[in-house]
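J.: Pasting in a structure now, in structure tokens, and then I'll have a few things to ask.
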Amino acid sequence: MSPPCIVLLGETGHGKSSIVNNLRDPGISAAEVGKRGGGVTRQVAAYAMPSEWNLQVVDTPGFGCVHMSLTRIIADVERLCAEKDVRGIAVTCPVDSPRLMLGTQVVQVLISLGVRECEAWNHIILVGTKQDKADDADRSFFQSELVPHFFCSAPDSAKLHALVQSDDCSQLATALQRLPDSALLYRPPGARELASRLAPLLGEEVDSFAKAVCAARQGGERNANLSILVLGECGDGKSTLINAMRDPACQEQQAGKNLRGVTKEVRCVPGLPLGDMDVKIYDTPGIGDMDISPSDLCMMLEAVLSGGDIDAMIVTCPATNKSIRLGGRVVQQLVDMGFHGEDRWARIILAGTKADKADDEERRNFQTSVKADFFSKALAAREDVGNAVLCSNQAGGYEDLKQSLLSLPVGKISYRPPPDVQWSQRMAGLLGVDPAMLEKERQELQNCLGDLEEQRRQLQETRAALAIQERDFINLRTHVAAEEARLRRELEEQQQALERSRADQELRGEADRQQAERRRLGLTEALSRLRQEKDVILSQEAKALEHYKKKLSQEKEEFLKHAEIQRQRQVQEATYASRLTRIERFLASTVASVRSWLPTF
């Protein structure tokens, strides 16, 4: 099981490879970085760190590298995060930069969209590189301005890691050891969401960039575009073949046999669709062209192949030839030294041009001997080989070639530039030149290519900055126009309301006065009626009160009379009761006396 890894991301030339070499061996200088690719990392590569760390550091191609498309790099990084135990991402940015560089902004967008959990930002490190070219003011600006800008999407609770990289990488080593033990959870954002954020930065259309992201993410699935690189010697009919694929009615050019060639640079032309695929065809200068040096031509081919956008290679060879010539031999060496993958030969089609000028014996020789000679190394290694097809300007003369293109393996050609010494020795033997001179020219061209890459990166940054300024200006102009229109509408509405108010006042003024007078008269009459009703009510209440007083006086007199009668009756009853009591006592004493007398008788 491979150990956890740290992924280095950033723009081309920001010192990612230097950091890797310093972490592996502090004694390695920055001058030894990336010698294979002319100072530029061209593929994802993992490097083991000291055993006590139990970590791998993964170096990636820089954003802005001409050898790989941006969408291809993004897709590779996303697959890396999905397949490996990624513990952290270190993002490089020069300390002396006045702002976040374009590549750093791309990484910022990827992280802000793909890292959704609060804790995930704890895995991100912003590394300020090239501090030897910066002063104290640059370092202060980096810490106070660029770091907050880069981490603007991070939540307040996240523990942010930012440092100024020194030559011995001690600060970075300490930061790596402090990363969380858990894996980084990165979820690739939707292609449309990613394109809406990155396309304005890159000055590209959102729809086309979203399609490119989808195509790069498909990996092993069939892409929507088919890119074909056509190689061959001068006069072999490359341009004729390309014109036929663009327009089947096109005839061969008269300059086809010119030793100085027709095509002087690699140019991309649109081809007729094949099935549901759009076709791009890369026409190249003829091998052996007297106006283009061998090293220049090989650097052109390497630049196209290293871009990772080529699906197939067509090698032209006249069907009348009894064997492959210099062009085919050069292609053999390119494939043997730089192509990778089990199907590297299966993506190459040997096209026998000018078949209408060959006899039957020459056609059979091309399909057997020439094909076997060209694919000899693949046959010896028991690898899959491509097709050898005959092409002519006759009707249907390119149908076999089109069918071979449709039956190609899915995927892109994987090309890695070989070491300079190996490349120079092999090519010098084929071309009959001095290997040292060829190696020197290759180094000079690689240096020029590096300068061109830097210029391209600067132009891309300038274009992106201009696009942002243009977008801001358009937004400001749109906002000002909208605000002006809103204020104009409000002013017109207020003027219309004022005019309506004045007209209403003029029309309703007299009517309002008449209505007010009528209301006043009505209120006066109502008040008079209320006063009359009040007097009547008071008079009626006074009469009723007097009547109630008289009735109450009569009831009082009757009550007093009744009370006097009751009192007299009570007095009489008391007198009668007293008399009755005396009679009862008398009778009782009489009865007692009589009873006492009776015994004497």
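We label chains A, B, ... in the order they appear in the structure tokens, count residues from 1 in each chain, and number ligands from 1 in the order shown.
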Can you list, as a ChimeraX atom specification, every protein, DNA or RNA residue that comes within 12 Å of segment 355-367 of chain A when you count only C-alpha atoms, leaving out same-chain residues fewer than 6 positions away?
T.: /A:236-237,241,316-324,349,373-375,386-398
J.: Just the residues within 8 Å of segment 79-93 of chain A, please, counting only C-alpha atoms, with nothing from its chain fewer than 4 positions along; format it as a count of residues only.
T.: 33
J.: For Leu431 of chain A, which residue out of A:Ala303, A:Leu297, A:Val230, A:Ala516 is the nearest one, using only C-alpha atoms?
T.: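 The closest residue to Leu431 of chain A is A:Leu297.
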J.: Could you name the residues that touch Leu305 of chain A at 9 Å or less, counting only C-alpha atoms, but leaving out those on the same chain fewer than 6 positions away, as a ChimeraX atom specification?
T.: /A:67,229,413-416
J.: Emit the selected residues as a JSON list (two decimals), in the first residue's frame, including C-alpha atoms.
T.:
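Final output, saved to again05.json:
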```json
[["chain", "number", "residue", "atom", "x", "y", "z"],
["A", 67, "HIS", "CA", 2.73, 20.76, -23.13],
["A", 229, "LEU", "CA", -1.02, 14.41, -36.39],
["A", 413, "ILE", "CA", -1.18, 9.42, -27.25],
["A", 414, "SER", "CA", 1.07, 9.57, -24.19],
["A", 415, "TYR", "CA", 4.40, 11.17, -25.06],
["A", 416, "ARG", "CA", 7.28, 12.02, -22.72]]
```
J.: Can you list every residue in segment 306-522 of chain A that DSSP puts in strand (DSSP E or B), as a list in words?
T.: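 Residues of segment 306-522 of chain A classed as strand (DSSP E or B): Ala312, Met313, Ile314, Val315, Thr316, Cys317, Pro318, Phe339, His340, Ile348, Ile349, Leu350, Ala351, Gly352, Thr353, Ala388, Val389, Leu390, Ser414 and Tyr415 of chain A.
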J.: Can I get the selected residues back with C-alpha atoms, as a compact mmCIF listing (two decimals), in the first residue's frame?
T.:
```
# COMPACT_ATOMS: atom_id res chain seq x y z
CA ALA A 312 -3.68 9.31 -33.64
CA MET A 313 -0.68 9.73 -35.93
CA ILE A 314 -0.74 9.22 -39.69
CA VAL A 315 2.66 8.54 -41.28
CA THR A 316 2.70 9.05 -45.04
CA CYS A 317 4.78 6.87 -47.31
CA PRO A 318 4.25 6.62 -51.09
CA PHE A 339 5.59 7.05 -26.70
CA HIS A 340 4.21 5.16 -23.69
CA ILE A 348 -0.24 4.95 -35.69
CA ILE A 349 -1.55 4.49 -39.23
CA LEU A 350 0.87 4.00 -42.11
CA ALA A 351 -0.76 5.67 -45.10
CA GLY A 352 0.40 4.53 -48.54
CA THR A 353 -0.13 7.70 -50.55
CA ALA A 388 -1.36 0.16 -43.20
CA VAL A 389 -3.86 1.58 -45.69
CA LEU A 390 -3.64 2.68 -49.30
CA SER A 414 1.07 9.57 -24.19
CA TYR A 415 4.40 11.17 -25.06
```
J.: Just the number, please: distance in Å from atom CA of Ala45 of chain A to atom CA of Val57 of chain A, one decimal.
T.: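 We find that atom CA of Ala45 of chain A and atom CA of Val57 of chain A lie 8.4 Å from each other.
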J.: Within 10 Å of Pro98 of chain A, counting only C-alpha atoms, which residues qualify if same-chain residues fewer than 3 places away don't, as a ChimeraX atom specification?
T.: /A:94-95,101,138,141-142,145-146
J.: The selected residues should be written to file as a PDB file, in the first residue's frame (atoms: N, CA and C atoms).
T.:
```
ATOM      1  N   PRO A  94       4.689  33.056  -5.986  1.00  0.00           N
ATOM      2  CA  PRO A  94       5.879  33.862  -5.721  1.00  0.00           C
ATOM      3  C   PRO A  94       5.597  34.965  -4.696  1.00  0.00           C
ATOM      4  N   VAL A  95       6.534  35.132  -3.776  1.00  0.00           N
ATOM      5  CA  VAL A  95       6.364  36.141  -2.725  1.00  0.00           C
ATOM      6  C   VAL A  95       6.377  37.548  -3.306  1.00  0.00           C
ATOM      7  N   MET A 101      -1.249  35.077  -8.879  1.00  0.00           N
ATOM      8  CA  MET A 101      -1.036  34.785 -10.287  1.00  0.00           C
ATOM      9  C   MET A 101      -2.202  33.965 -10.837  1.00  0.00           C
ATOM     10  N   ASP A 138       7.697  43.035   0.173  1.00  0.00           N
ATOM     11  CA  ASP A 138       7.006  41.959  -0.553  1.00  0.00           C
ATOM     12  C   ASP A 138       6.502  40.894   0.411  1.00  0.00           C
ATOM     13  N   PHE A 141       3.509  42.219   2.278  1.00  0.00           N
ATOM     14  CA  PHE A 141       2.328  42.255   1.408  1.00  0.00           C
ATOM     15  C   PHE A 141       1.783  40.852   1.178  1.00  0.00           C
ATOM     16  N   PHE A 142       2.670  39.884   1.034  1.00  0.00           N
ATOM     17  CA  PHE A 142       2.234  38.494   0.838  1.00  0.00           C
ATOM     18  C   PHE A 142       1.410  38.016   2.035  1.00  0.00           C
ATOM     19  N   GLU A 145      -1.930  40.613   2.453  1.00  0.00           N
ATOM     20  CA  GLU A 145      -2.889  40.781   1.360  1.00  0.00           C
ATOM     21  C   GLU A 145      -3.155  39.488   0.591  1.00  0.00           C
ATOM     22  N   LEU A 146      -2.092  38.839   0.122  1.00  0.00           N
ATOM     23  CA  LEU A 146      -2.293  37.665  -0.739  1.00  0.00           C
ATOM     24  C   LEU A 146      -2.841  36.473   0.028  1.00  0.00           C
TER      25      LEU A 146
END
```
J.: Can you tell me which residues surround Tyr47 of chain A at a distance of at most 8 Å, considering only C-alpha atoms, apart from same-chain residues fewer than 2 positions away, and format the answer as a ChimeraX atom specification?
T.: /A:20,24,45,49,56-59
J.: Assign secondary structure with DSSP using the backbone only, and return the residues of segment 280-509 of chain A in helix (DSSP H, G or I) as a PyMOL selection string.
T.: chain A and resi 294-306+326-338+355-357+360-374+376-380+399-406+420-431+435-509
J.: Using only C-alpha atoms, which of A:Leu226, A:Leu521, A:Ala464, A:Val331 sits nearest Tyr282 of chain A?
T.: A:Leu226
J.: Nearest to Asp278 of chain A: which of A:Arg329, A:Arg192, A:Asn225, A:Asp296 is it, counting only C-alpha atoms?
T.: A:Asn225
J.: Could you pull the residues within 8 Å of Ser424 of chain A, counting only C-alpha atoms, minus those fewer than 2 positions along the same chain, as a tab-separated table (two decimals) with N, CA and C atoms, in the first residue's frame?
T.:
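The resulting out29.tsv:
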```
chain	number	residue	atom	x	y	z
A	420	ASP	N	18.06	14.12	-23.31
A	420	ASP	CA	18.72	14.80	-24.42
A	420	ASP	C	19.79	13.94	-25.09
A	421	VAL	N	20.59	13.26	-24.28
A	421	VAL	CA	21.70	12.48	-24.85
A	421	VAL	C	21.17	11.35	-25.73
A	422	GLN	N	20.21	10.59	-25.21
A	422	GLN	CA	19.64	9.48	-25.98
A	422	GLN	C	19.00	9.99	-27.27
A	426	ARG	N	20.46	9.03	-31.20
A	426	ARG	CA	19.64	8.29	-32.16
A	426	ARG	C	19.31	9.14	-33.39
A	427	MET	N	18.87	10.38	-33.15
A	427	MET	CA	18.49	11.22	-34.27
A	427	MET	C	19.68	11.61	-35.13
A	428	ALA	N	20.83	11.83	-34.50
A	428	ALA	CA	22.02	12.20	-35.27
A	428	ALA	C	22.41	11.07	-36.20
A	435	PRO	N	26.11	14.49	-33.11
A	435	PRO	CA	25.23	14.41	-31.93
A	435	PRO	C	25.39	15.58	-30.98
A	436	ALA	N	26.63	16.03	-30.77
A	436	ALA	CA	26.85	17.15	-29.85
A	436	ALA	C	26.17	18.41	-30.37
A	438	LEU	N	23.62	18.52	-32.39
A	438	LEU	CA	22.18	18.33	-32.31
A	438	LEU	C	21.68	18.52	-30.88
A	439	GLU	N	22.45	18.01	-29.90
A	439	GLU	CA	22.06	18.18	-28.50
A	439	GLU	C	22.11	19.65	-28.10
```
J.: Expressed in Å to a single decimal, how great is the separation between atom CA of Arg463 of chain A and atom CA of Lys130 of chain A?
T.: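 Distance between the two atoms: 24.4 Å.
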J.: Taking only C-alpha atoms into account, name the residue in A:Leu498, A:Leu430, A:Met277, A:Cys268 that is nearest to Gln333 of chain A.
T.: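 Ranked by minimum distance to Gln333 of chain A, first place goes to A:Leu430.
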J.: Which polymer residues have any atom within 12 Å of an atom of Val213 of chain A, counting only C-alpha atoms, with same-chain residues fewer than 2 positions away left out, as number ranges by chain?
T.: A: 69-76, 78, 188-196, 198-199, 206-211, 215-219, 223-224
